[in-house]
file data-v1.tsv (TSV, N, CA and C atoms)
chain	number	residue	atom	x	y	z
A	1	MET	N	-101.44	154.53	54.80
A	1	MET	CA	-101.10	155.44	55.85
A	1	MET	C	-101.71	156.79	55.49
A	2	ASP	N	-102.25	157.46	56.45
A	2	ASP	CA	-102.91	158.72	56.13
A	2	ASP	C	-101.91	159.85	55.92
A	3	SER	N	-102.39	160.95	55.35
A	3	SER	CA	-101.51	162.05	55.00
A	3	SER	C	-100.89	162.72	56.22
A	4	MET	N	-101.60	162.74	57.34
A	4	MET	CA	-101.04	163.34	58.55
A	4	MET	C	-99.80	162.57	59.02
A	5	MET	N	-99.90	161.24	59.01
A	5	MET	CA	-98.77	160.41	59.41
A	5	MET	C	-97.61	160.59	58.44
A	6	MET	N	-97.91	160.60	57.14
A	6	MET	CA	-96.85	160.77	56.15
A	6	MET	C	-96.20	162.15	56.30
A	7	GLY	N	-96.97	163.18	56.62
A	7	GLY	CA	-96.42	164.51	56.84
A	7	GLY	C	-95.45	164.52	58.01
A	8	ALA	N	-95.83	163.86	59.09
A	8	ALA	CA	-94.95	163.79	60.26
A	8	ALA	C	-93.67	163.03	59.93
A	9	MET	N	-93.82	161.93	59.20
A	9	MET	CA	-92.64	161.15	58.81
A	9	MET	C	-91.74	161.97	57.89
A	10	SER	N	-92.35	162.71	57.00
A	10	SER	CA	-91.58	163.53	56.07
A	10	SER	C	-90.73	164.55	56.82
A	11	GLU	N	-91.30	165.16	57.84
A	11	GLU	CA	-90.55	166.13	58.65
A	11	GLU	C	-89.38	165.44	59.36
A	12	ASP	N	-89.60	164.23	59.88
A	12	ASP	CA	-88.52	163.48	60.52
A	12	ASP	C	-87.41	163.17	59.53
A	13	MET	N	-87.81	162.79	58.32
A	13	MET	CA	-86.83	162.43	57.30
A	13	MET	C	-85.92	163.60	56.97
A	14	LYS	N	-86.46	164.80	56.97
A	14	LYS	CA	-85.66	165.97	56.60
A	14	LYS	C	-84.53	166.24	57.57
A	15	THR	N	-84.61	165.68	58.78
A	15	THR	CA	-83.55	165.89	59.76
A	15	THR	C	-82.37	164.95	59.56
A	16	MET	N	-82.54	163.95	58.71
A	16	MET	CA	-81.48	162.98	58.46
A	16	MET	C	-80.53	163.49	57.38
A	17	ALA	N	-79.25	163.39	57.63
A	17	ALA	CA	-78.25	163.82	56.64
A	17	ALA	C	-78.42	163.05	55.35
A	18	GLY	N	-78.51	163.77	54.24
A	18	GLY	CA	-78.64	163.14	52.93
A	18	GLY	C	-80.04	162.72	52.56
A	19	MET	N	-81.02	162.93	53.43
A	19	MET	CA	-82.38	162.45	53.16
A	19	MET	C	-83.38	163.60	52.95
A	20	GLU	N	-82.87	164.80	52.79
A	20	GLU	CA	-83.75	165.96	52.68
A	20	GLU	C	-84.68	165.87	51.47
A	21	MET	N	-84.25	165.20	50.43
A	21	MET	CA	-85.01	165.13	49.18
A	21	MET	C	-85.84	163.83	49.06
A	22	MET	N	-86.07	163.14	50.16
A	22	MET	CA	-86.80	161.87	50.14
A	22	MET	C	-88.19	162.06	49.54
A	23	ASP	N	-88.53	161.21	48.61
A	23	ASP	CA	-89.86	161.21	47.99
A	23	ASP	C	-90.76	160.32	48.83
A	24	MET	N	-91.67	160.94	49.58
A	24	MET	CA	-92.52	160.18	50.49
A	24	MET	C	-93.48	159.25	49.77
A	25	ALA	N	-93.85	159.55	48.54
A	25	ALA	CA	-94.74	158.65	47.79
A	25	ALA	C	-94.02	157.33	47.48
A	26	VAL	N	-92.75	157.41	47.16
A	26	VAL	CA	-91.96	156.20	46.89
A	26	VAL	C	-91.81	155.40	48.18
A	27	MET	N	-91.55	156.11	49.26
A	27	MET	CA	-91.42	155.43	50.55
A	27	MET	C	-92.73	154.77	50.95
A	28	GLN	N	-93.85	155.46	50.75
A	28	GLN	CA	-95.16	154.89	51.07
A	28	GLN	C	-95.43	153.65	50.24
A	29	ALA	N	-95.10	153.70	48.96
A	29	ALA	CA	-95.30	152.54	48.09
A	29	ALA	C	-94.47	151.35	48.57
A	30	CYS	N	-93.25	151.63	49.03
A	30	CYS	CA	-92.39	150.56	49.54
A	30	CYS	C	-92.97	149.96	50.82
A	31	MET	N	-93.41	150.81	51.73
A	31	MET	CA	-94.01	150.30	52.96
A	31	MET	C	-95.27	149.49	52.67
A	32	ASP	N	-96.09	149.96	51.73
A	32	ASP	CA	-97.30	149.22	51.37
A	32	ASP	C	-96.95	147.86	50.76
A	33	ALA	N	-95.94	147.83	49.90
A	33	ALA	CA	-95.53	146.57	49.28
A	33	ALA	C	-94.96	145.61	50.32
A	34	CYS	N	-94.20	146.14	51.28
A	34	CYS	CA	-93.67	145.30	52.36
A	34	CYS	C	-94.81	144.71	53.19
A	35	SER	N	-95.81	145.52	53.49
A	35	SER	CA	-96.94	145.06	54.27
A	35	SER	C	-97.73	143.98	53.52
A	36	ALA	N	-97.98	144.21	52.25
A	36	ALA	CA	-98.71	143.23	51.44
A	36	ALA	C	-97.94	141.92	51.32
A	37	CYS	N	-96.62	142.03	51.16
A	37	CYS	CA	-95.79	140.84	51.04
A	37	CYS	C	-95.76	140.07	52.36
A	38	GLU	N	-95.67	140.79	53.46
A	38	GLU	CA	-95.71	140.13	54.77
A	38	GLU	C	-96.98	139.30	54.91
A	39	GLN	N	-98.10	139.88	54.53
A	39	GLN	CA	-99.38	139.18	54.65
A	39	GLN	C	-99.43	137.97	53.72
A	40	ALA	N	-99.00	138.14	52.47
A	40	ALA	CA	-99.03	137.03	51.51
A	40	ALA	C	-98.12	135.89	51.97
A	41	CYS	N	-96.95	136.24	52.46
A	41	CYS	CA	-96.01	135.21	52.92
A	41	CYS	C	-96.54	134.48	54.15
A	42	THR	N	-97.20	135.20	55.03
A	42	THR	CA	-97.78	134.57	56.23
A	42	THR	C	-98.84	133.56	55.83
A	43	VAL	N	-99.71	133.95	54.91
A	43	VAL	CA	-100.75	133.03	54.42
A	43	VAL	C	-100.11	131.83	53.74
A	44	CYS	N	-99.13	132.08	52.91
A	44	CYS	CA	-98.48	130.99	52.17
A	44	CYS	C	-97.78	130.02	53.12
A	45	SER	N	-97.18	130.53	54.16
A	45	SER	CA	-96.46	129.65	55.09
A	45	SER	C	-97.39	128.66	55.79
A	46	MET	N	-98.66	128.98	55.87
A	46	MET	CA	-99.63	128.10	56.54
A	46	MET	C	-99.95	126.85	55.72
A	47	GLN	N	-99.55	126.83	54.46
A	47	GLN	CA	-99.78	125.64	53.63
A	47	GLN	C	-98.86	124.49	54.00
A	48	MET	N	-97.80	124.82	54.72
A	48	MET	CA	-96.82	123.84	55.18
A	48	MET	C	-96.17	123.07	54.02
A	49	MET	N	-95.93	123.78	52.93
A	49	MET	CA	-95.15	123.22	51.82
A	49	MET	C	-93.68	123.49	52.11
A	50	ASP	N	-92.79	123.02	51.24
A	50	ASP	CA	-91.37	123.22	51.52
A	50	ASP	C	-90.92	124.67	51.38
A	51	CYS	N	-91.80	125.54	50.89
A	51	CYS	CA	-91.49	126.97	50.82
A	51	CYS	C	-91.81	127.70	52.14
A	52	ALA	N	-92.46	127.03	53.07
A	52	ALA	CA	-92.91	127.66	54.32
A	52	ALA	C	-91.80	128.37	55.09
A	53	PRO	N	-90.63	127.75	55.28
A	53	PRO	CA	-89.59	128.48	56.02
A	53	PRO	C	-89.18	129.79	55.33
A	54	ALA	N	-89.03	129.75	54.02
A	54	ALA	CA	-88.68	130.97	53.28
A	54	ALA	C	-89.79	132.01	53.42
A	55	CYS	N	-91.03	131.56	53.38
A	55	CYS	CA	-92.17	132.47	53.52
A	55	CYS	C	-92.19	133.13	54.90
A	56	MET	N	-91.95	132.34	55.93
A	56	MET	CA	-91.95	132.91	57.29
A	56	MET	C	-90.82	133.92	57.47
A	57	ASN	N	-89.64	133.58	56.96
A	57	ASN	CA	-88.51	134.50	57.05
A	57	ASN	C	-88.75	135.77	56.25
A	58	CYS	N	-89.36	135.61	55.08
A	58	CYS	CA	-89.65	136.77	54.24
A	58	CYS	C	-90.68	137.68	54.92
A	59	ALA	N	-91.69	137.08	55.52
A	59	ALA	CA	-92.70	137.87	56.24
A	59	ALA	C	-92.04	138.69	57.34
A	60	ASP	N	-91.14	138.07	58.08
A	60	ASP	CA	-90.44	138.79	59.15
A	60	ASP	C	-89.57	139.91	58.60
A	61	MET	N	-88.86	139.65	57.50
A	61	MET	CA	-87.98	140.66	56.91
A	61	MET	C	-88.80	141.83	56.38
A	62	CYS	N	-89.90	141.54	55.73
A	62	CYS	CA	-90.76	142.62	55.19
A	62	CYS	C	-91.31	143.47	56.33
A	63	ASN	N	-91.72	142.83	57.41
A	63	ASN	CA	-92.24	143.57	58.56
A	63	ASN	C	-91.15	144.46	59.16
A	64	THR	N	-89.97	143.91	59.33
A	64	THR	CA	-88.87	144.67	59.91
A	64	THR	C	-88.49	145.85	59.02
A	65	THR	N	-88.46	145.64	57.72
A	65	THR	CA	-88.12	146.72	56.79
A	65	THR	C	-89.16	147.83	56.87
A	66	MET	N	-90.42	147.44	56.84
A	66	MET	CA	-91.50	148.42	56.91
A	66	MET	C	-91.44	149.20	58.22
A	67	ARG	N	-91.27	148.51	59.33
A	67	ARG	CA	-91.24	149.17	60.64
A	67	ARG	C	-90.02	150.09	60.76
A	68	SER	N	-88.91	149.69	60.17
A	68	SER	CA	-87.72	150.54	60.19
A	68	SER	C	-87.96	151.84	59.43
A	69	MET	N	-88.69	151.75	58.33
A	69	MET	CA	-89.00	152.96	57.57
A	69	MET	C	-89.96	153.87	58.34
A	70	MET	N	-90.75	153.31	59.21
A	70	MET	CA	-91.71	154.11	59.97
A	70	MET	C	-91.06	154.85	61.14
A	71	ARG	N	-89.91	154.39	61.58
A	71	ARG	CA	-89.22	155.07	62.68
A	71	ARG	C	-87.79	155.38	62.26
A	72	MET	N	-87.67	156.43	61.49
A	72	MET	CA	-86.40	156.76	60.87
A	72	MET	C	-85.38	157.38	61.81
A	73	GLN	N	-85.79	157.78	63.02
A	73	GLN	CA	-84.82	158.37	63.93
A	73	GLN	C	-83.67	157.39	64.17
A	74	GLY	N	-82.48	157.88	64.02
A	74	GLY	CA	-81.32	157.03	64.24
A	74	GLY	C	-80.93	156.22	63.03
A	75	MET	N	-81.73	156.24	61.99
A	75	MET	CA	-81.44	155.48	60.78
A	75	MET	C	-80.55	156.31	59.87
A	76	THR	N	-79.55	155.70	59.30
A	76	THR	CA	-78.71	156.39	58.33
A	76	THR	C	-79.05	155.85	56.94
A	77	PRO	N	-78.74	156.63	55.90
A	77	PRO	CA	-78.99	156.11	54.54
A	77	PRO	C	-78.32	154.76	54.29
A	78	ALA	N	-77.10	154.57	54.79
A	78	ALA	CA	-76.39	153.31	54.59
A	78	ALA	C	-77.13	152.14	55.24
A	79	VAL	N	-77.65	152.36	56.44
A	79	VAL	CA	-78.40	151.31	57.13
A	79	VAL	C	-79.70	151.01	56.39
A	80	MET	N	-80.38	152.06	55.93
A	80	MET	CA	-81.63	151.84	55.20
A	80	MET	C	-81.38	151.07	53.91
A	81	MET	N	-80.27	151.38	53.23
A	81	MET	CA	-79.91	150.65	52.00
A	81	MET	C	-79.66	149.17	52.33
A	82	ALA	N	-78.98	148.90	53.44
A	82	ALA	CA	-78.72	147.52	53.84
A	82	ALA	C	-80.03	146.79	54.14
A	83	MET	N	-80.95	147.47	54.81
A	83	MET	CA	-82.27	146.87	55.10
A	83	MET	C	-82.99	146.54	53.80
A	84	LEU	N	-82.98	147.47	52.87
A	84	LEU	CA	-83.64	147.25	51.58
A	84	LEU	C	-82.99	146.09	50.82
A	85	ASP	N	-81.65	146.03	50.85
A	85	ASP	CA	-80.96	144.91	50.20
A	85	ASP	C	-81.34	143.57	50.82
A	86	ALA	N	-81.42	143.54	52.15
A	86	ALA	CA	-81.80	142.30	52.84
A	86	ALA	C	-83.24	141.91	52.49
A	87	CYS	N	-84.12	142.88	52.41
A	87	CYS	CA	-85.51	142.58	52.06
A	87	CYS	C	-85.61	142.06	50.63
A	88	ILE	N	-84.87	142.68	49.73
A	88	ILE	CA	-84.85	142.22	48.33
A	88	ILE	C	-84.34	140.78	48.26
A	89	ALA	N	-83.26	140.49	48.96
A	89	ALA	CA	-82.69	139.14	48.94
A	89	ALA	C	-83.67	138.11	49.51
A	90	MET	N	-84.34	138.45	50.60
A	90	MET	CA	-85.28	137.50	51.20
A	90	MET	C	-86.49	137.30	50.30
A	91	CYS	N	-86.96	138.37	49.68
A	91	CYS	CA	-88.10	138.24	48.75
A	91	CYS	C	-87.72	137.39	47.55
A	92	GLN	N	-86.48	137.54	47.06
A	92	GLN	CA	-86.03	136.72	45.93
A	92	GLN	C	-86.02	135.24	46.30
A	93	LEU	N	-85.49	134.93	47.48
A	93	LEU	CA	-85.45	133.55	47.95
A	93	LEU	C	-86.86	132.98	48.07
A	94	CYS	N	-87.75	133.74	48.67
A	94	CYS	CA	-89.13	133.28	48.86
A	94	CYS	C	-89.84	133.11	47.51
A	95	MET	N	-89.66	134.10	46.64
A	95	MET	CA	-90.29	134.01	45.33
A	95	MET	C	-89.82	132.76	44.58
A	96	ASP	N	-88.53	132.50	44.61
A	96	ASP	CA	-87.99	131.32	43.93
A	96	ASP	C	-88.59	130.04	44.52
A	97	ALA	N	-88.70	129.98	45.84
A	97	ALA	CA	-89.26	128.79	46.49
A	97	ALA	C	-90.73	128.61	46.13
A	98	CYS	N	-91.47	129.69	46.13
A	98	CYS	CA	-92.90	129.60	45.84
A	98	CYS	C	-93.19	129.33	44.37
A	99	MET	N	-92.32	129.79	43.49
A	99	MET	CA	-92.54	129.55	42.06
A	99	MET	C	-92.50	128.06	41.72
A	100	LYS	N	-91.85	127.27	42.55
A	100	LYS	CA	-91.82	125.82	42.33
A	100	LYS	C	-93.22	125.22	42.47
A	101	HIS	N	-94.10	125.90	43.19
A	101	HIS	CA	-95.45	125.39	43.45
A	101	HIS	C	-96.53	126.22	42.75
A	102	ALA	N	-96.13	127.27	42.05
A	102	ALA	CA	-97.10	128.22	41.49
A	102	ALA	C	-98.06	127.60	40.49
A	103	ASP	N	-97.64	126.54	39.81
A	103	ASP	CA	-98.53	125.89	38.82
A	103	ASP	C	-99.69	125.17	39.47
A	104	HIS	N	-99.52	124.72	40.72
A	104	HIS	CA	-100.59	123.98	41.37
A	104	HIS	C	-101.07	124.61	42.68
A	105	SER	N	-100.55	125.78	43.01
A	105	SER	CA	-100.99	126.47	44.23
A	105	SER	C	-101.19	127.95	43.94
A	106	GLU	N	-102.42	128.37	43.97
A	106	GLU	CA	-102.72	129.79	43.76
A	106	GLU	C	-102.13	130.64	44.88
A	107	VAL	N	-102.05	130.08	46.08
A	107	VAL	CA	-101.48	130.82	47.21
A	107	VAL	C	-99.99	131.07	46.97
A	108	CYS	N	-99.27	130.05	46.52
A	108	CYS	CA	-97.85	130.23	46.22
A	108	CYS	C	-97.65	131.21	45.07
A	109	LYS	N	-98.51	131.14	44.08
A	109	LYS	CA	-98.43	132.06	42.96
A	109	LYS	C	-98.63	133.50	43.44
A	110	MET	N	-99.63	133.70	44.29
A	110	MET	CA	-99.90	135.03	44.85
A	110	MET	C	-98.73	135.50	45.70
A	111	CYS	N	-98.15	134.62	46.46
A	111	CYS	CA	-97.01	134.96	47.31
A	111	CYS	C	-95.82	135.38	46.45
A	112	ALA	N	-95.54	134.62	45.42
A	112	ALA	CA	-94.43	134.95	44.52
A	112	ALA	C	-94.65	136.31	43.86
A	113	GLN	N	-95.86	136.59	43.45
A	113	GLN	CA	-96.16	137.88	42.83
A	113	GLN	C	-95.99	139.02	43.84
A	114	SER	N	-96.39	138.78	45.06
A	114	SER	CA	-96.24	139.79	46.11
A	114	SER	C	-94.76	140.03	46.41
A	115	CYS	N	-93.97	138.97	46.42
A	115	CYS	CA	-92.53	139.11	46.63
A	115	CYS	C	-91.90	139.93	45.51
A	116	LYS	N	-92.30	139.69	44.28
A	116	LYS	CA	-91.79	140.45	43.14
A	116	LYS	C	-92.15	141.92	43.27
A	117	ALA	N	-93.39	142.20	43.64
A	117	ALA	CA	-93.82	143.59	43.82
A	117	ALA	C	-93.03	144.28	44.93
A	118	CYS	N	-92.75	143.55	45.99
A	118	CYS	CA	-91.97	144.10	47.11
A	118	CYS	C	-90.54	144.38	46.68
A	119	MET	N	-89.95	143.45	45.94
A	119	MET	CA	-88.58	143.68	45.44
A	119	MET	C	-88.53	144.92	44.56
A	120	ASP	N	-89.51	145.06	43.68
A	120	ASP	CA	-89.55	146.22	42.80
A	120	ASP	C	-89.68	147.52	43.60
A	121	ALA	N	-90.55	147.51	44.61
A	121	ALA	CA	-90.75	148.71	45.44
A	121	ALA	C	-89.49	149.04	46.24
A	122	CYS	N	-88.81	148.02	46.74
A	122	CYS	CA	-87.56	148.25	47.48
A	122	CYS	C	-86.49	148.80	46.54
A	123	MET	N	-86.44	148.32	45.31
A	123	MET	CA	-85.48	148.85	44.33
A	123	MET	C	-85.80	150.30	43.99
A	124	ASP	N	-87.08	150.61	43.85
A	124	ASP	CA	-87.48	151.99	43.60
A	124	ASP	C	-87.03	152.90	44.75
A	125	MET	N	-87.19	152.40	45.96
A	125	MET	CA	-86.77	153.17	47.15
A	125	MET	C	-85.26	153.39	47.13
A	126	LYS	N	-84.51	152.33	46.85
A	126	LYS	CA	-83.05	152.45	46.78
A	126	LYS	C	-82.64	153.44	45.69
A	127	ASN	N	-83.25	153.32	44.53
A	127	ASN	CA	-82.92	154.23	43.43
A	127	ASN	C	-83.22	155.67	43.79
A	128	MET	N	-84.34	155.89	44.44
A	128	MET	CA	-84.71	157.24	44.86
A	128	MET	C	-83.70	157.77	45.87
A	129	MET	N	-83.28	156.94	46.80
A	129	MET	CA	-82.30	157.36	47.81
A	129	MET	C	-80.96	157.70	47.17
A	130	MET	N	-80.55	156.91	46.18
A	130	MET	CA	-79.27	157.16	45.51
A	130	MET	C	-79.31	158.44	44.69
A	131	ALA	N	-80.48	158.76	44.17
A	131	ALA	CA	-80.62	159.96	43.36
A	131	ALA	C	-80.72	161.23	44.21
A	132	ALA	N	-81.09	161.06	45.49
A	132	ALA	CA	-81.29	162.23	46.37
A	132	ALA	C	-79.99	162.85	46.79
call {"tool": "encode", "arguments": {"input": "data-v1.tsv", "output": "structure tokens"}}
result
Amino acid sequence: MDSMMMGAMSEDMKTMAGMEMMDMAVMQACMDACSACEQACTVCSMQMMDCAPACMNCADMCNTTMRSMMRMQGMTPAVMMAMLDACIAMCQLCMDACMKHADHSEVCKMCAQSCKACMDACMDMKNMMMAA
């Protein structure tokens, strides 16, 4: 996302109660990780292995989390925390399902790694929000 968009989002964030100290770099990293995970899960789901349903659900959750972060109007810190928790839970489920195939599927391995990166970025976002 370009700096102009991040600047506009940053100004929106400052209007939210309790979000004045939001670190936009952490938020950007979380949105980027959600986007990458969505893409990896979508590709992985096309293999039609038994992890496909988890991959499709994870892709949807990552997209929803990312899009929610992009339109913060009306979002409260509690709702954002719940979204992040849901994304972490879905990524964990998907990662676990894909790890069963990671030894013989590079796509599943890549998907599991992307899920782990997304979980880490969502945790960083939650930690930053709790510290603010």
call {"tool": "atom_distance", "arguments": {"input": "data-v1.tsv", "atom1": "atom CA of A:Val26", "atom2": "atom CA of A:Cys122"}}
result
9.1 Å
call {"tool": "atom_distance", "arguments": {"input": "data-v1.tsv", "atom1": "atom CA of A:Asn63", "atom2": "atom N of A:Met49"}}
result
20.9 Å
call {"tool": "select_by_dssp", "arguments": {"input": "data-v1.tsv", "residues": "chain A", "states": "alpha helix (DSSP H)", "output": "PyMOL selection string"}}
result
chain A and resi 3-13+24-45+52-70+77-99+106-131
call {"tool": "atom_distance", "arguments": {"input": "data-v1.tsv", "atom1": "atom CA of A:Thr76", "atom2": "atom CA of A:Met90"}}
result
21.2 Å
call {"tool": "closest_residue", "arguments": {"input": "data-v1.tsv", "among": "A:Cys98, A:Pro77, A:Arg67, A:Asn57", "to": "A:Asn127", "atoms": "only C-alpha atoms"}}
result
A:Pro77
call {"tool": "closest_residue", "arguments": {"input": "data-v1.tsv", "among": "A:Cys87, A:Met75, A:Ala97, A:Met22", "to": "A:Asp50", "atoms": "all atoms listed in the file"}}
result
A:Ala97
call {"tool": "closest_residue", "arguments": {"input": "data-v1.tsv", "among": "A:Asp96, A:Asp60, A:Asp32, A:Glu106", "to": "A:Cys118", "atoms": "only C-alpha atoms"}}
result
A:Asp32
